[in-house]
Amino acid sequence: MDIKILGPGCAKCVTLEKSVRTVVERLQLPATVSKVDDIMDIMTYGVMATPALVVDGKVVLKGRVPNEQEIEQLLQ
């Protein structure tokens with residue numbers, strides 16, 4: 001599983017990245033988590049509101065920070 005957190009580095013983006021990494025570790029998911037902070041790269045996903053979460057190339061969440069339970073649902 002390839003997971004990307006899209007965001008320029010704001011507090012919400014940092015929070016989302018931390019929560020995603022926590023969930024991936026807790027569930028022991030075979031996943032690669034990376035952060036995309038270049039605005040031009042973010043725009044290639046059609047995302048105008050950050051933070052955003054991309055799983056296997058598909059944008060599954062944008063513009064807000066979900067709780068860890070919602071992240072689990074998005075990743076399973």
# chains A, B, ... in the order shown; residues from 1 in each chain; ligands from 1
>>> residues_around(residues="range 35-42 of chain A", least_positions_apart="3", cutoff="10 Å", atoms="only C-alpha atoms", output="ChimeraX atom specification")
/A:3-10,13-14,17,45-53
>>> write_last_selection(atoms="N, CA and C atoms", output="PDB file, in the first residue's frame")
ATOM      1  N   ILE A   3       0.885   5.205   0.659  1.00  0.00           N
ATOM      2  CA  ILE A   3       0.112   6.268   1.294  1.00  0.00           C
ATOM      3  C   ILE A   3       0.903   7.560   1.197  1.00  0.00           C
ATOM      4  N   LYS A   4       0.211   8.623   0.769  1.00  0.00           N
ATOM      5  CA  LYS A   4       0.849   9.930   0.680  1.00  0.00           C
ATOM      6  C   LYS A   4       0.005  10.940   1.454  1.00  0.00           C
ATOM      7  N   ILE A   5       0.680  11.785   2.209  1.00  0.00           N
ATOM      8  CA  ILE A   5       0.028  12.897   2.868  1.00  0.00           C
ATOM      9  C   ILE A   5       0.420  14.138   2.082  1.00  0.00           C
ATOM     10  N   LEU A   6      -0.567  14.846   1.569  1.00  0.00           N
ATOM     11  CA  LEU A   6      -0.324  16.043   0.769  1.00  0.00           C
ATOM     12  C   LEU A   6      -0.528  17.277   1.631  1.00  0.00           C
ATOM     13  N   GLY A   7       0.457  18.138   1.669  1.00  0.00           N
ATOM     14  CA  GLY A   7       0.321  19.380   2.411  1.00  0.00           C
ATOM     15  C   GLY A   7       1.636  20.115   2.495  1.00  0.00           C
ATOM     16  N   PRO A   8       1.571  21.442   2.598  1.00  0.00           N
ATOM     17  CA  PRO A   8       2.783  22.262   2.584  1.00  0.00           C
ATOM     18  C   PRO A   8       3.567  22.276   3.892  1.00  0.00           C
ATOM     19  N   GLY A   9       3.047  21.655   4.933  1.00  0.00           N
ATOM     20  CA  GLY A   9       3.773  21.638   6.207  1.00  0.00           C
ATOM     21  C   GLY A   9       3.052  22.364   7.321  1.00  0.00           C
ATOM     22  N   CYS A  10       1.800  22.674   7.131  1.00  0.00           N
ATOM     23  CA  CYS A  10       1.016  23.344   8.161  1.00  0.00           C
ATOM     24  C   CYS A  10       0.765  22.392   9.338  1.00  0.00           C
ATOM     25  N   CYS A  13      -1.388  19.392   8.513  1.00  0.00           N
ATOM     26  CA  CYS A  13      -0.679  18.405   7.697  1.00  0.00           C
ATOM     27  C   CYS A  13       0.228  17.535   8.569  1.00  0.00           C
ATOM     28  N   VAL A  14       0.903  18.152   9.510  1.00  0.00           N
ATOM     29  CA  VAL A  14       1.779  17.431  10.431  1.00  0.00           C
ATOM     30  C   VAL A  14       0.955  16.477  11.292  1.00  0.00           C
ATOM     31  N   GLU A  17      -0.138  13.449   9.191  1.00  0.00           N
ATOM     32  CA  GLU A  17       0.969  12.528   8.965  1.00  0.00           C
ATOM     33  C   GLU A  17       1.245  11.689  10.216  1.00  0.00           C
ATOM     34  N   TYR A  45      -2.692  16.050  -8.147  1.00  0.00           N
ATOM     35  CA  TYR A  45      -3.750  15.182  -7.616  1.00  0.00           C
ATOM     36  C   TYR A  45      -5.120  15.868  -7.657  1.00  0.00           C
ATOM     37  N   GLY A  46      -5.160  17.124  -8.112  1.00  0.00           N
ATOM     38  CA  GLY A  46      -6.423  17.855  -8.180  1.00  0.00           C
ATOM     39  C   GLY A  46      -6.886  18.327  -6.815  1.00  0.00           C
ATOM     40  N   VAL A  47      -5.964  18.430  -5.882  1.00  0.00           N
ATOM     41  CA  VAL A  47      -6.291  18.832  -4.513  1.00  0.00           C
ATOM     42  C   VAL A  47      -6.044  20.329  -4.359  1.00  0.00           C
ATOM     43  N   MET A  48      -7.076  21.037  -3.911  1.00  0.00           N
ATOM     44  CA  MET A  48      -6.933  22.471  -3.676  1.00  0.00           C
ATOM     45  C   MET A  48      -6.999  22.803  -2.185  1.00  0.00           C
ATOM     46  N   ALA A  49      -7.441  21.841  -1.363  1.00  0.00           N
ATOM     47  CA  ALA A  49      -7.536  22.038   0.086  1.00  0.00           C
ATOM     48  C   ALA A  49      -6.700  20.972   0.770  1.00  0.00           C
ATOM     49  N   THR A  50      -5.771  21.411   1.612  1.00  0.00           N
ATOM     50  CA  THR A  50      -4.919  20.471   2.321  1.00  0.00           C
ATOM     51  C   THR A  50      -5.267  20.506   3.803  1.00  0.00           C
ATOM     52  N   PRO A  51      -4.934  19.477   4.538  1.00  0.00           N
ATOM     53  CA  PRO A  51      -4.184  18.307   4.112  1.00  0.00           C
ATOM     54  C   PRO A  51      -5.056  17.358   3.311  1.00  0.00           C
ATOM     55  N   ALA A  52      -4.406  16.453   2.602  1.00  0.00           N
ATOM     56  CA  ALA A  52      -5.115  15.434   1.841  1.00  0.00           C
ATOM     57  C   ALA A  52      -4.408  14.101   2.035  1.00  0.00           C
ATOM     58  N   LEU A  53      -5.187  13.040   1.889  1.00  0.00           N
ATOM     59  CA  LEU A  53      -4.659  11.693   2.053  1.00  0.00           C
ATOM     60  C   LEU A  53      -4.883  10.929   0.759  1.00  0.00           C
TER      61      LEU A  53
END
>>> select_by_dssp(residues="chain A", states="strand (DSSP E or B)", output="compact mmCIF listing (two decimals) with C-alpha atoms, in the first residue's frame")
# COMPACT_ATOMS: atom_id res chain seq x y z
CA ASP A 2 1.32 3.44 -0.95
CA ILE A 3 0.11 6.27 1.29
CA LYS A 4 0.85 9.93 0.68
CA ILE A 5 0.03 12.90 2.87
CA LEU A 6 -0.32 16.04 0.77
CA THR A 32 4.90 3.07 2.60
CA VAL A 33 4.01 6.48 4.02
CA SER A 34 5.43 9.61 2.43
CA LYS A 35 4.85 13.34 2.67
CA VAL A 36 4.36 15.50 -0.43
CA ALA A 52 -5.12 15.43 1.84
CA LEU A 53 -4.66 11.69 2.05
CA VAL A 54 -3.86 9.59 -1.02
CA VAL A 55 -3.99 5.79 -0.87
CA LYS A 58 -6.53 7.75 -5.12
CA VAL A 59 -7.42 10.83 -3.07
CA VAL A 60 -9.54 9.50 -0.20
CA LEU A 61 -9.70 12.62 1.98
CA LYS A 62 -8.99 16.32 1.60
>>> residues_around(residues="Ser19 in chain A", least_positions_apart="6", cutoff="8 Å", atoms="only C-alpha atoms", output="PyMOL selection string")
chain A and resi 67-68+71
>>> write_last_selection(atoms="N, CA and C atoms", output="compact mmCIF listing (two decimals), in the first residue's frame")
# COMPACT_ATOMS: atom_id res chain seq x y z
N ASN A 67 -10.15 11.69 12.60
CA ASN A 67 -9.63 11.02 13.79
C ASN A 67 -9.02 9.68 13.37
N GLU A 68 -8.33 9.03 14.30
CA GLU A 68 -7.62 7.79 13.96
C GLU A 68 -8.58 6.67 13.55
N ILE A 71 -9.30 7.16 9.94
CA ILE A 71 -8.11 6.80 9.15
C ILE A 71 -8.05 5.28 8.99
>>> closest_residue(among="A:Ala11, A:Met43, A:Val20, A:Pro30", to="Leu74 in chain A", atoms="only C-alpha atoms")
A:Val20
